[in-house]
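Colleague: Quick one: the structure is below, and I'll ask about it shortly.
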Amino acid sequence: MTPGPESDSRRRRVLVVDDEAAVVSVVARLLERMGHAVAGASTAEQALEFLKTESFDVILLDIELPGMTGFQALERFAEVSKASVVLISGYADEEFRKDALLLGTKGLIGKPFGAVELKACLSSLPF
């Protein structure tokens, strides 16, 4: 049998929100290799526009964004989408993780991260 994409057989629609184009590109490639459909946004405002017209299962959201920060965007995202939000940030200490969960996120992935962490995080989310 020829191996195919690294898929956990649960194709998800994922919105990656990060102001660094390289991060969006790398994460999108990882997710696509896992079999997921991916869109990217460079600001929370751009992500909100996507969420008003498209349905996503997961939003990977950077905290440090120009304009509206990731934390500021959480409430706005919840108003227009039922997607699970996972924060991606270089600030991944335990206190930050607790605050993120209290705000309604489904997880936190510390930067830098790789395919193993990303796959584990997605697998832990309800589908």
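Simple scheme: letters A, B, ... for chains in structure tokens order, numbers from 1 for residues in each chain, numbers from 1 for ligands in the order shown.
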So that I can check the surroundings of stretch 110-125 of chain A, please list as number ranges by chain every protein, DNA and RNA residue that reaches within 9 Å of it, counting only C-alpha atoms and ignoring chain neighbours fewer than 5 positions away.

Modeller: A: 8, 10, 12, 27, 30-31, 34, 58, 84, 86-93

Colleague: Pick out the residues sitting within 12 Å of A:Ala78, and hand them over as a ChimeraX atom specification; count only C-alpha atoms, and ignore anything fewer than 2 positions along from it in its own chain.

Modeller: /A:48,51-52,56,58-59,71-76,80-85,103-105

Colleague: Would you mind reading off the distance between atom CA of A:Val14 and atom CA of A:Asp57, one decimal, in Å?

Modeller: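 Atom CA of A:Val14 sits 6.0 Å away from atom CA of A:Asp57.
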
Colleague: For atom CA of A:Leu60 and atom CA of A:Ile109, quote the distance in Å rounded to one decimal.

Modeller: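 Separating atom CA of A:Leu60 from atom CA of A:Ile109 is a distance of 9.0 Å.
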
Colleague: Give me, as a list of chain:residue names, the residues of stretch 40-95 of chain A that a backbone DSSP run labels helix (DSSP H, G or I).

Modeller: A:Ala44, A:Glu45, A:Gln46, A:Ala47, A:Leu48, A:Glu49, A:Phe50, A:Leu51, A:Lys52, A:Thr53, A:Gly70, A:Phe71, A:Gln72, A:Ala73, A:Leu74, A:Glu75, A:Arg76, A:Phe77, A:Ala78, A:Glu79, A:Val80, A:Glu94, A:Glu95

Colleague: Those same residues - C-alpha atoms - I'd like them written as a tab-separated table (two decimals), in the first residue's frame.

Modeller:
chain	number	residue	atom	x	y	z
A	44	ALA	CA	-7.93	39.45	13.14
A	45	GLU	CA	-10.05	41.81	11.05
A	46	GLN	CA	-9.34	39.78	7.90
A	47	ALA	CA	-10.14	36.58	9.81
A	48	LEU	CA	-13.50	38.05	10.88
A	49	GLU	CA	-14.37	38.67	7.23
A	50	PHE	CA	-13.61	35.00	6.45
A	51	LEU	CA	-15.71	33.86	9.41
A	52	LYS	CA	-18.72	35.86	8.22
A	53	THR	CA	-18.82	33.99	4.91
A	70	GLY	CA	-5.71	37.70	19.32
A	71	PHE	CA	-7.16	38.10	22.81
A	72	GLN	CA	-9.35	40.99	21.65
A	73	ALA	CA	-10.53	38.90	18.69
A	74	LEU	CA	-11.71	35.92	20.74
A	75	GLU	CA	-15.07	37.43	21.70
A	76	ARG	CA	-15.72	38.71	18.18
A	77	PHE	CA	-14.89	35.30	16.69
A	78	ALA	CA	-17.32	33.60	19.09
A	79	GLU	CA	-20.11	35.91	17.87
A	80	VAL	CA	-19.80	34.67	14.27
A	94	GLU	CA	1.63	27.85	32.50
A	95	GLU	CA	0.02	31.12	33.66

Colleague: How many Å lie between atom CA of A:Arg13 and atom CA of A:Thr69, rounded to one decimal?

Modeller: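 About the pair atom CA of A:Arg13 and atom CA of A:Thr69: they are 22.3 Å apart.
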
Colleague: Can you list, as a tab-separated table (two decimals) with N, CA and C atoms, in the first residue's frame, all residues belonging to chain A that DSSP tags as strand (DSSP E or B)?

Modeller:
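Once written, states-v7.tsv looks like this:
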chain	number	residue	atom	x	y	z
A	13	ARG	N	-11.66	22.04	8.43
A	13	ARG	CA	-11.40	23.34	7.80
A	13	ARG	C	-10.74	24.20	8.86
A	14	VAL	N	-9.53	24.65	8.55
A	14	VAL	CA	-8.73	25.38	9.53
A	14	VAL	C	-8.40	26.77	9.00
A	15	LEU	N	-8.59	27.79	9.85
A	15	LEU	CA	-8.20	29.15	9.53
A	15	LEU	C	-6.97	29.48	10.36
A	16	VAL	N	-5.87	29.80	9.70
A	16	VAL	CA	-4.62	30.17	10.37
A	16	VAL	C	-4.51	31.69	10.34
A	17	VAL	N	-4.39	32.30	11.53
A	17	VAL	CA	-4.33	33.75	11.64
A	17	VAL	C	-2.99	34.14	12.28
A	37	ALA	N	-8.25	21.20	5.05
A	37	ALA	CA	-8.43	22.35	4.16
A	37	ALA	C	-8.05	23.59	4.95
A	38	VAL	N	-7.29	24.50	4.35
A	38	VAL	CA	-6.71	25.61	5.10
A	38	VAL	C	-6.93	26.94	4.38
A	39	ALA	N	-7.22	27.97	5.17
A	39	ALA	CA	-7.22	29.35	4.70
A	39	ALA	C	-6.34	30.14	5.65
A	40	GLY	N	-5.79	31.25	5.17
A	40	GLY	CA	-4.91	32.06	6.00
A	40	GLY	C	-5.36	33.51	6.04
A	41	ALA	N	-5.10	34.15	7.18
A	41	ALA	CA	-5.39	35.58	7.35
A	41	ALA	C	-4.22	36.20	8.10
A	58	VAL	N	-11.69	24.86	13.06
A	58	VAL	CA	-10.61	25.28	13.98
A	58	VAL	C	-10.03	26.60	13.50
A	59	ILE	N	-9.71	27.46	14.47
A	59	ILE	CA	-8.98	28.69	14.18
A	59	ILE	C	-7.68	28.64	14.97
A	60	LEU	N	-6.54	28.68	14.28
A	60	LEU	CA	-5.24	28.80	14.93
A	60	LEU	C	-4.92	30.29	14.95
A	61	LEU	N	-4.88	30.87	16.12
A	61	LEU	CA	-4.84	32.32	16.27
A	61	LEU	C	-3.61	32.79	17.02
A	62	ASP	N	-2.79	33.60	16.35
A	62	ASP	CA	-1.65	34.22	17.01
A	62	ASP	C	-2.15	35.32	17.94
A	84	SER	N	-13.46	25.89	17.10
A	84	SER	CA	-12.56	25.80	18.25
A	84	SER	C	-11.36	26.71	17.99
A	85	VAL	N	-11.02	27.54	18.96
A	85	VAL	CA	-9.88	28.45	18.82
A	85	VAL	C	-8.70	27.91	19.61
A	86	VAL	N	-7.56	27.80	18.93
A	86	VAL	CA	-6.31	27.40	19.56
A	86	VAL	C	-5.34	28.57	19.38
A	87	LEU	N	-4.80	29.06	20.47
A	87	LEU	CA	-3.85	30.15	20.40
A	87	LEU	C	-2.47	29.63	20.04
A	88	ILE	N	-1.75	30.38	19.22
A	88	ILE	CA	-0.35	30.07	18.93
A	88	ILE	C	0.46	31.29	19.37
A	89	SER	N	1.47	31.02	20.20
A	89	SER	CA	2.21	32.15	20.77
A	89	SER	C	3.57	31.71	21.28
A	107	GLY	N	-7.05	25.46	23.46
A	107	GLY	CA	-5.67	25.04	23.64
A	107	GLY	C	-4.70	26.16	23.31
A	108	LEU	N	-3.44	25.85	23.53
A	108	LEU	CA	-2.36	26.78	23.26
A	108	LEU	C	-1.17	25.99	22.75
A	109	ILE	N	-0.62	26.43	21.64
A	109	ILE	CA	0.58	25.82	21.09
A	109	ILE	C	1.68	26.88	21.13
A	110	GLY	N	2.78	26.53	21.78
A	110	GLY	CA	3.90	27.47	21.88
A	110	GLY	C	4.75	27.47	20.62

Colleague: Would you mind telling me which residue in A:Arg33, A:Leu101, A:Val24, A:Asp18 lies nearest to A:Ile63 when using only C-alpha atoms?

Modeller: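 Comparing A:Arg33, A:Leu101, A:Val24, A:Asp18 against A:Ile63, the winner is A:Asp18.
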